[in-house]
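As structure tokens, the structure follows; a few thoughts come after it.
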Amino acid sequence: MKLNRREFVAGTLLAAQRVAAGHPKGPIVDSHVHLFAADQRRFPFAADAPYKPTPLPVEEYVAFAKEVGIDHAVIVHPEPYQDDYRYLEYAFSKEPSPLFFKGVCLFDPIARDTPDRIASLAGNNPRRIVGLRIHETRKPGTPPTTEGPIKDRDMRSPAMKATWRRVHQLGMAIQMHFLPYYASQIYDLAAEFPETPVILDHLGRFDEGTPADFAAVLRLAKLPRVFMKYSNAKSLAIKPSVRKIYDAYGPERMIWGYFGHDRADFGKQSEMLDEMFDYVLEEDREKIRGGNALKLFGWSK
């Protein structure tokens, strides 16, 4: 799209203001946001909610996003709400600019009606629902669950495959929150749907398994539509492992997620990203900060 002179000047001024304020270069996309209503009567947690979080209302997040210059954000629907999407849809209505927010849904991946429910949610919220989050976090060697709020279901189930197939048909992504032990199972299923983006949460939780498990996380990078989310990084002590992950996935398939809810947190996370990837060209750090996510989630081509 060609910019007119006024739009070009406005964009140039905004970029200059961001640099002057210490804003990182390039677009900023938070690909991992959990929001929780303060009004528990209007937006109650599910009866079987696995935890009861401190409220983080959308209004507070929007004020923070404006303050630090976040361009877009992906709301990852959290477990306390289970299949109730009223607060997600409310958040969409409170965004600071059109399509500022998109969302990742959370359904039981082996439930028979899940494929149709995903399609219905997406139809009710056009251009908003960009993925389905799936958990594989149970202790290695324990059987998959068939019920319960943390839906650690069987990755080899035909019903799981049916859900992935519908996600593929809808043009969405699969977002995996998993222990490294399950990386090989993710690989087998992702290889059956090579055009479907698969997003690995929290650096694949690489430090919660064996060296062989970590190798399996790195092996997932052989599939060209698998993306790694740089999130939940608490210190530079993990830098050597992050370097291995970066070398496997490269600058085109890493996205940034969860960098706080106030200016101090944002500054700390921004500084850590720059130090974590100080061996990476600035133009490639810009891709990780937001450029890749803009393309992956359909904000730009």
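Letters A, B, ... go to the chains of the structure tokens in the order shown; residues in each chain start at 1; ligands are counted from 1 in the same order.
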Using only C-alpha atoms, which residues of stretch 29-94 of chain A come within 10 Å of stretch 229-245 of chain A, and what is the closest atom pair for each, with the distance in Å to one decimal? Give it as JSON lines, sorted by chain and residue number.
```
{"residue": "A:Asp30", "atom": "CA", "partner": "A:Ser231", "partner_atom": "CA", "distance": 9.8}
{"residue": "A:Ser31", "atom": "CA", "partner": "A:Lys229", "partner_atom": "CA", "distance": 8.1}
{"residue": "A:His32", "atom": "CA", "partner": "A:Ser231", "partner_atom": "CA", "distance": 8.0}
```
So that I can check the surroundings of A:Ser97, please list as a PyMOL selection string every protein, DNA and RNA residue that reaches within 12 Å of it, counting only C-alpha atoms and ignoring chain neighbours fewer than 2 positions away. chain A and resi 62+65-66+70-73+91-95+99-102
If you keep N, CA and C atoms, can you produce a file of those selected residues as a PDB file, in the first residue's frame?
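Saved to selection_39.pdb:
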```pdb
ATOM      1  N   VAL A  62      -4.337  -2.061  27.765  1.00  0.00           N
ATOM      2  CA  VAL A  62      -4.357  -1.096  26.671  1.00  0.00           C
ATOM      3  C   VAL A  62      -3.591   0.171  27.057  1.00  0.00           C
ATOM      4  N   ALA A  65       0.027  -0.703  26.788  1.00  0.00           N
ATOM      5  CA  ALA A  65       0.440  -0.848  25.393  1.00  0.00           C
ATOM      6  C   ALA A  65       0.642   0.514  24.737  1.00  0.00           C
ATOM      7  N   LYS A  66      -0.247   1.451  25.026  1.00  0.00           N
ATOM      8  CA  LYS A  66      -0.095   2.803  24.487  1.00  0.00           C
ATOM      9  C   LYS A  66       1.162   3.464  25.035  1.00  0.00           C
ATOM     10  N   ILE A  70       3.330  -0.630  22.010  1.00  0.00           N
ATOM     11  CA  ILE A  70       3.050  -1.950  21.430  1.00  0.00           C
ATOM     12  C   ILE A  70       2.096  -1.771  20.254  1.00  0.00           C
ATOM     13  N   ASP A  71       2.434  -2.367  19.133  1.00  0.00           N
ATOM     14  CA  ASP A  71       1.638  -2.194  17.925  1.00  0.00           C
ATOM     15  C   ASP A  71       0.456  -3.156  17.840  1.00  0.00           C
ATOM     16  N   HIS A  72       0.651  -4.392  18.291  1.00  0.00           N
ATOM     17  CA  HIS A  72      -0.410  -5.394  18.268  1.00  0.00           C
ATOM     18  C   HIS A  72      -0.155  -6.398  19.385  1.00  0.00           C
ATOM     19  N   ALA A  73      -1.182  -7.173  19.715  1.00  0.00           N
ATOM     20  CA  ALA A  73      -1.033  -8.200  20.744  1.00  0.00           C
ATOM     21  C   ALA A  73      -1.953  -9.374  20.443  1.00  0.00           C
ATOM     22  N   ALA A  91     -12.676  -7.964  25.322  1.00  0.00           N
ATOM     23  CA  ALA A  91     -11.374  -7.332  25.100  1.00  0.00           C
ATOM     24  C   ALA A  91     -11.255  -6.821  23.672  1.00  0.00           C
ATOM     25  N   PHE A  92     -11.749  -7.594  22.709  1.00  0.00           N
ATOM     26  CA  PHE A  92     -11.724  -7.133  21.327  1.00  0.00           C
ATOM     27  C   PHE A  92     -12.438  -5.787  21.191  1.00  0.00           C
ATOM     28  N   SER A  93     -13.513  -5.598  21.933  1.00  0.00           N
ATOM     29  CA  SER A  93     -14.312  -4.366  21.822  1.00  0.00           C
ATOM     30  C   SER A  93     -13.639  -3.173  22.489  1.00  0.00           C
ATOM     31  N   LYS A  94     -12.593  -3.407  23.270  1.00  0.00           N
ATOM     32  CA  LYS A  94     -11.919  -2.330  24.007  1.00  0.00           C
ATOM     33  C   LYS A  94     -10.534  -2.016  23.452  1.00  0.00           C
ATOM     34  N   GLU A  95     -10.217  -2.517  22.284  1.00  0.00           N
ATOM     35  CA  GLU A  95      -8.876  -2.321  21.740  1.00  0.00           C
ATOM     36  C   GLU A  95      -8.658  -0.862  21.335  1.00  0.00           C
ATOM     37  N   LEU A  99      -8.405  -3.999  14.983  1.00  0.00           N
ATOM     38  CA  LEU A  99      -7.628  -5.235  14.891  1.00  0.00           C
ATOM     39  C   LEU A  99      -6.298  -5.167  15.653  1.00  0.00           C
ATOM     40  N   PHE A 100      -6.272  -4.354  16.713  1.00  0.00           N
ATOM     41  CA  PHE A 100      -5.083  -4.346  17.572  1.00  0.00           C
ATOM     42  C   PHE A 100      -4.881  -5.729  18.188  1.00  0.00           C
ATOM     43  N   PHE A 101      -5.997  -6.341  18.634  1.00  0.00           N
ATOM     44  CA  PHE A 101      -5.945  -7.661  19.258  1.00  0.00           C
ATOM     45  C   PHE A 101      -6.343  -8.756  18.278  1.00  0.00           C
ATOM     46  N   LYS A 102      -5.671  -9.907  18.412  1.00  0.00           N
ATOM     47  CA  LYS A 102      -6.168 -11.167  17.868  1.00  0.00           C
ATOM     48  C   LYS A 102      -6.115 -12.182  19.006  1.00  0.00           C
TER      49      LYS A 102
END
```
Within 10 Å of A:Met155 using only C-alpha atoms, minus same-chain residues under 4 positions, as JSON, numbers by chain: {"A": [109, 110, 134, 135, 136, 144, 159, 160, 161, 182, 185, 186, 188, 189]}
Output N, CA and C atoms of each residue in that selection to a file, as a CSV table (one decimal), in the first residue's frame.
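Now in part.csv:
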```csv
chain,number,residue,atom,x,y,z
A,109,PRO,N,-9.0,-30.7,22.5
A,109,PRO,CA,-8.6,-31.0,21.2
A,109,PRO,C,-9.1,-32.4,20.7
A,110,ILE,N,-9.6,-33.2,21.7
A,110,ILE,CA,-10.2,-34.5,21.2
A,110,ILE,C,-11.7,-34.6,21.4
A,134,ILE,N,-2.8,-26.0,22.6
A,134,ILE,CA,-2.9,-27.4,23.1
A,134,ILE,C,-1.8,-27.6,24.1
A,135,HIS,N,-2.2,-28.3,25.2
A,135,HIS,CA,-1.2,-28.6,26.3
A,135,HIS,C,-0.7,-30.0,26.2
A,136,GLU,N,0.5,-30.2,26.4
A,136,GLU,CA,1.1,-31.5,26.7
A,136,GLU,C,2.2,-31.4,27.8
A,144,PRO,N,-2.2,-40.0,28.9
A,144,PRO,CA,-2.9,-38.8,28.5
A,144,PRO,C,-4.3,-38.7,29.3
A,159,ALA,N,-9.1,-38.2,17.0
A,159,ALA,CA,-9.8,-37.0,17.2
A,159,ALA,C,-8.9,-35.8,17.2
A,160,MET,N,-7.7,-36.0,17.8
A,160,MET,CA,-6.7,-34.9,17.8
A,160,MET,C,-6.3,-34.5,16.3
A,161,LYS,N,-6.2,-35.5,15.5
A,161,LYS,CA,-5.9,-35.3,14.1
A,161,LYS,C,-7.0,-34.6,13.4
A,182,TYR,N,7.6,-34.3,24.8
A,182,TYR,CA,6.5,-34.6,23.8
A,182,TYR,C,6.9,-34.0,22.4
A,185,GLN,N,6.3,-36.3,19.5
A,185,GLN,CA,4.9,-36.6,19.1
A,185,GLN,C,4.4,-35.4,18.3
A,186,ILE,N,4.8,-34.2,18.7
A,186,ILE,CA,4.4,-33.0,18.0
A,186,ILE,C,4.9,-33.0,16.6
A,188,ASP,N,5.6,-35.6,14.7
A,188,ASP,CA,4.9,-36.6,13.9
A,188,ASP,C,3.6,-36.0,13.4
A,189,LEU,N,2.9,-35.3,14.2
A,189,LEU,CA,1.6,-34.7,13.8
A,189,LEU,C,1.8,-33.5,12.9
```
Give me, as a list in words, all polymer residues having an atom no more than 9 Å from A:Val130, counting only C-alpha atoms and skipping those fewer than 5 positions away in the same chain. Val74, Lys102, Gly103, Val104, Cys105, Ala122, Leu170, Gly171, Met172, Ala173, Ile174, Phe297 and Gly298 of chain A
Restricting to only C-alpha atoms, whichever of A:Glu147, A:Ala162, A:Tyr258, A:Phe277 is closest to A:Glu192 is A:Ala162
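Taking only C-alpha atoms, the non-local environment of stretch 82-86 of chain A within 8 Å (same-chain residues fewer than 2 positions away omitted) comprises Phe43, Phe45, Ala46, Ala49, His77, Pro78, Glu79, Pro80, Leu88, Glu89, Tyr90, Leu106, Phe107 and Pro149 of chain A.
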Within 12 Å of A:Pro143, counting only C-alpha atoms, which residues show up once you throw out same-chain ones fewer than 5 positions away? Write them as an mmCIF file with C-alpha atoms, in the first residue's frame, please.
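Result written to part_18.cif:
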```
data_model
loop_
_atom_site.group_PDB
_atom_site.id
_atom_site.type_symbol
_atom_site.label_atom_id
_atom_site.label_comp_id
_atom_site.auth_asym_id
_atom_site.auth_seq_id
_atom_site.Cartn_x
_atom_site.Cartn_y
_atom_site.Cartn_z
ATOM 1 C CA GLU A 136 1.138 -31.542 26.668
ATOM 2 C CA THR A 137 2.557 -30.888 30.146
ATOM 3 C CA ARG A 138 1.821 -34.026 32.137
ATOM 4 C CA ASP A 152 -3.268 -33.034 28.189
ATOM 5 C CA ARG A 153 -4.850 -35.283 25.592
ATOM 6 C CA ASP A 154 -3.463 -38.057 23.408
ATOM 7 C CA MET A 155 -1.471 -36.572 20.510
ATOM 8 C CA ARG A 156 -1.956 -39.839 18.588
#
```
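Pairwise distance (atom CA of A:Ser120, atom CA of A:Lys151) equals 20.4 Å.
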Polymer residues at most 12 Å from A:Glu283, only C-alpha atoms, same-chain spacing of 2 or more positions, as number ranges by chain: A: 24-27, 251-252, 274, 277-281, 285-292
Keeping only N, CA and C atoms, write those residues as an mmCIF file, in the first residue's frame.
```
data_model
loop_
_atom_site.group_PDB
_atom_site.id
_atom_site.type_symbol
_atom_site.label_atom_id
_atom_site.label_comp_id
_atom_site.auth_asym_id
_atom_site.auth_seq_id
_atom_site.Cartn_x
_atom_site.Cartn_y
_atom_site.Cartn_z
ATOM 1 N N PRO A 24 12.362 0.231 21.249
ATOM 2 C CA PRO A 24 13.129 -0.588 20.300
ATOM 3 C C PRO A 24 12.699 -0.299 18.870
ATOM 4 N N LYS A 25 13.605 -0.518 17.944
ATOM 5 C CA LYS A 25 13.301 -0.289 16.539
ATOM 6 C C LYS A 25 12.297 -1.310 16.019
ATOM 7 N N GLY A 26 11.543 -0.884 15.016
ATOM 8 C CA GLY A 26 10.642 -1.806 14.341
ATOM 9 C C GLY A 26 9.334 -2.012 15.075
ATOM 10 N N PRO A 27 8.434 -2.795 14.478
ATOM 11 C CA PRO A 27 7.141 -3.082 15.112
ATOM 12 C C PRO A 27 7.311 -3.939 16.356
ATOM 13 N N PRO A 251 16.269 -16.300 12.261
ATOM 14 C CA PRO A 251 15.562 -15.056 12.584
ATOM 15 C C PRO A 251 14.159 -14.959 12.002
ATOM 16 N N GLU A 252 13.830 -15.791 11.025
ATOM 17 C CA GLU A 252 12.516 -15.715 10.377
ATOM 18 C C GLU A 252 11.441 -16.488 11.124
ATOM 19 N N ASP A 274 17.758 -7.796 23.743
ATOM 20 C CA ASP A 274 18.921 -7.290 23.010
ATOM 21 C C ASP A 274 20.210 -7.968 23.463
ATOM 22 N N PHE A 277 20.278 -11.702 22.293
ATOM 23 C CA PHE A 277 20.547 -11.846 20.865
ATOM 24 C C PHE A 277 21.562 -10.806 20.387
ATOM 25 N N ASP A 278 22.574 -10.538 21.187
ATOM 26 C CA ASP A 278 23.548 -9.519 20.803
ATOM 27 C C ASP A 278 24.426 -9.947 19.629
ATOM 28 N N TYR A 279 24.347 -11.203 19.251
ATOM 29 C CA TYR A 279 25.087 -11.708 18.091
ATOM 30 C C TYR A 279 24.263 -11.628 16.810
ATOM 31 N N VAL A 280 23.046 -11.085 16.914
ATOM 32 C CA VAL A 280 22.097 -11.048 15.800
ATOM 33 C C VAL A 280 22.054 -9.633 15.226
ATOM 34 N N LEU A 281 21.996 -9.521 13.918
ATOM 35 C CA LEU A 281 21.858 -8.221 13.278
ATOM 36 C C LEU A 281 20.610 -7.502 13.783
ATOM 37 N N ARG A 285 16.744 -8.745 14.768
ATOM 38 C CA ARG A 285 16.081 -8.564 16.066
ATOM 39 C C ARG A 285 14.719 -7.896 15.871
ATOM 40 N N GLU A 286 14.634 -7.013 14.880
ATOM 41 C CA GLU A 286 13.344 -6.381 14.585
ATOM 42 C C GLU A 286 12.310 -7.423 14.152
ATOM 43 N N LYS A 287 12.746 -8.434 13.439
ATOM 44 C CA LYS A 287 11.829 -9.508 13.040
ATOM 45 C C LYS A 287 11.305 -10.242 14.271
ATOM 46 N N ILE A 288 12.198 -10.518 15.219
ATOM 47 C CA ILE A 288 11.795 -11.235 16.436
ATOM 48 C C ILE A 288 10.856 -10.375 17.277
ATOM 49 N N ARG A 289 11.129 -9.078 17.375
ATOM 50 C CA ARG A 289 10.305 -8.186 18.200
ATOM 51 C C ARG A 289 8.884 -8.052 17.669
ATOM 52 N N GLY A 290 8.704 -8.194 16.363
ATOM 53 C CA GLY A 290 7.355 -8.003 15.858
ATOM 54 C C GLY A 290 7.152 -8.288 14.386
ATOM 55 N N GLY A 291 8.193 -8.158 13.590
ATOM 56 C CA GLY A 291 8.025 -8.341 12.149
ATOM 57 C C GLY A 291 7.509 -9.706 11.763
ATOM 58 N N ASN A 292 8.052 -10.754 12.395
ATOM 59 C CA ASN A 292 7.594 -12.113 12.078
ATOM 60 C C ASN A 292 6.148 -12.322 12.500
#
```
What separates atom CA of A:His168 and atom CA of A:Asp213 is a distance of 26.6 Å
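Shortest atom-to-atom contact with A:Arg166 among A:Gly148, A:Pro44, A:Gly250, A:Gly131: A:Gly131, counting only C-alpha atoms.
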Those of stretch 48-277 of chain A in DSSP alpha helix (DSSP H), formatted as number ranges by chain: A: 58-68, 86-93, 114-124, 158-169, 183-192, 211-219, 239-249, 263-276
Select, from A:Arg133, A:His261, A:Lys268, A:Lys301, the residue with the minimum atom-to-atom distance to A:Pro55, counting only C-alpha atoms. A:His261
With DSSP run on the backbone, what are the strand (DSSP E or B) residues within stretch 38-173 of chain A? I'd like them as a short mmCIF file (atom, residue, chain, number, x, y, z; two decimals) with N, CA and C atoms, in the first residue's frame.
```cif
data_model
loop_
_atom_site.label_atom_id
_atom_site.label_comp_id
_atom_site.auth_asym_id
_atom_site.auth_seq_id
_atom_site.Cartn_x
_atom_site.Cartn_y
_atom_site.Cartn_z
N LEU A 56 -6.10 -8.80 35.56
CA LEU A 56 -5.35 -7.95 34.64
C LEU A 56 -6.34 -7.53 33.56
N HIS A 72 0.65 -4.39 18.29
CA HIS A 72 -0.41 -5.39 18.27
C HIS A 72 -0.16 -6.40 19.38
N ALA A 73 -1.18 -7.17 19.71
CA ALA A 73 -1.03 -8.20 20.74
C ALA A 73 -1.95 -9.37 20.44
N VAL A 74 -1.49 -10.56 20.82
CA VAL A 74 -2.28 -11.78 20.69
C VAL A 74 -2.70 -12.21 22.09
N ILE A 75 -3.99 -12.25 22.31
CA ILE A 75 -4.53 -12.71 23.59
C ILE A 75 -4.62 -14.23 23.55
N VAL A 76 -3.88 -14.89 24.41
CA VAL A 76 -3.93 -16.34 24.51
C VAL A 76 -4.97 -16.67 25.58
N PHE A 101 -6.00 -6.34 18.63
CA PHE A 101 -5.94 -7.66 19.26
C PHE A 101 -6.34 -8.76 18.28
N LYS A 102 -5.67 -9.91 18.41
CA LYS A 102 -6.17 -11.17 17.87
C LYS A 102 -6.12 -12.18 19.01
N GLY A 103 -6.66 -13.38 18.79
CA GLY A 103 -6.77 -14.32 19.89
C GLY A 103 -6.45 -15.76 19.50
N VAL A 104 -5.96 -16.50 20.49
CA VAL A 104 -5.74 -17.94 20.37
C VAL A 104 -6.74 -18.62 21.29
N CYS A 105 -7.49 -19.57 20.77
CA CYS A 105 -8.55 -20.20 21.55
C CYS A 105 -8.06 -21.44 22.29
N ILE A 129 -9.51 -14.91 15.39
CA ILE A 129 -9.03 -16.14 16.02
C ILE A 129 -7.95 -16.74 15.12
N VAL A 130 -6.73 -16.76 15.62
CA VAL A 130 -5.59 -17.12 14.77
C VAL A 130 -4.96 -18.46 15.15
N GLY A 131 -5.47 -19.11 16.20
CA GLY A 131 -4.87 -20.38 16.57
C GLY A 131 -5.60 -21.09 17.68
N LEU A 132 -5.21 -22.34 17.90
CA LEU A 132 -5.71 -23.18 18.99
C LEU A 132 -4.53 -23.58 19.86
N ARG A 133 -4.65 -23.38 21.17
CA ARG A 133 -3.58 -23.78 22.08
C ARG A 133 -3.85 -25.18 22.61
N ILE A 134 -2.81 -26.01 22.61
CA ILE A 134 -2.90 -27.38 23.09
C ILE A 134 -1.81 -27.61 24.13
N HIS A 135 -2.18 -28.29 25.22
CA HIS A 135 -1.23 -28.60 26.30
C HIS A 135 -0.74 -30.04 26.20
N GLU A 136 0.55 -30.21 26.44
CA GLU A 136 1.14 -31.54 26.67
C GLU A 136 2.17 -31.36 27.78
N ALA A 173 -3.25 -21.44 13.25
CA ALA A 173 -2.05 -22.09 13.76
C ALA A 173 -2.40 -22.99 14.94
#
```
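The coordinates place atom CA of A:Glu282 at 20.7 Å from atom CA of A:Leu203.
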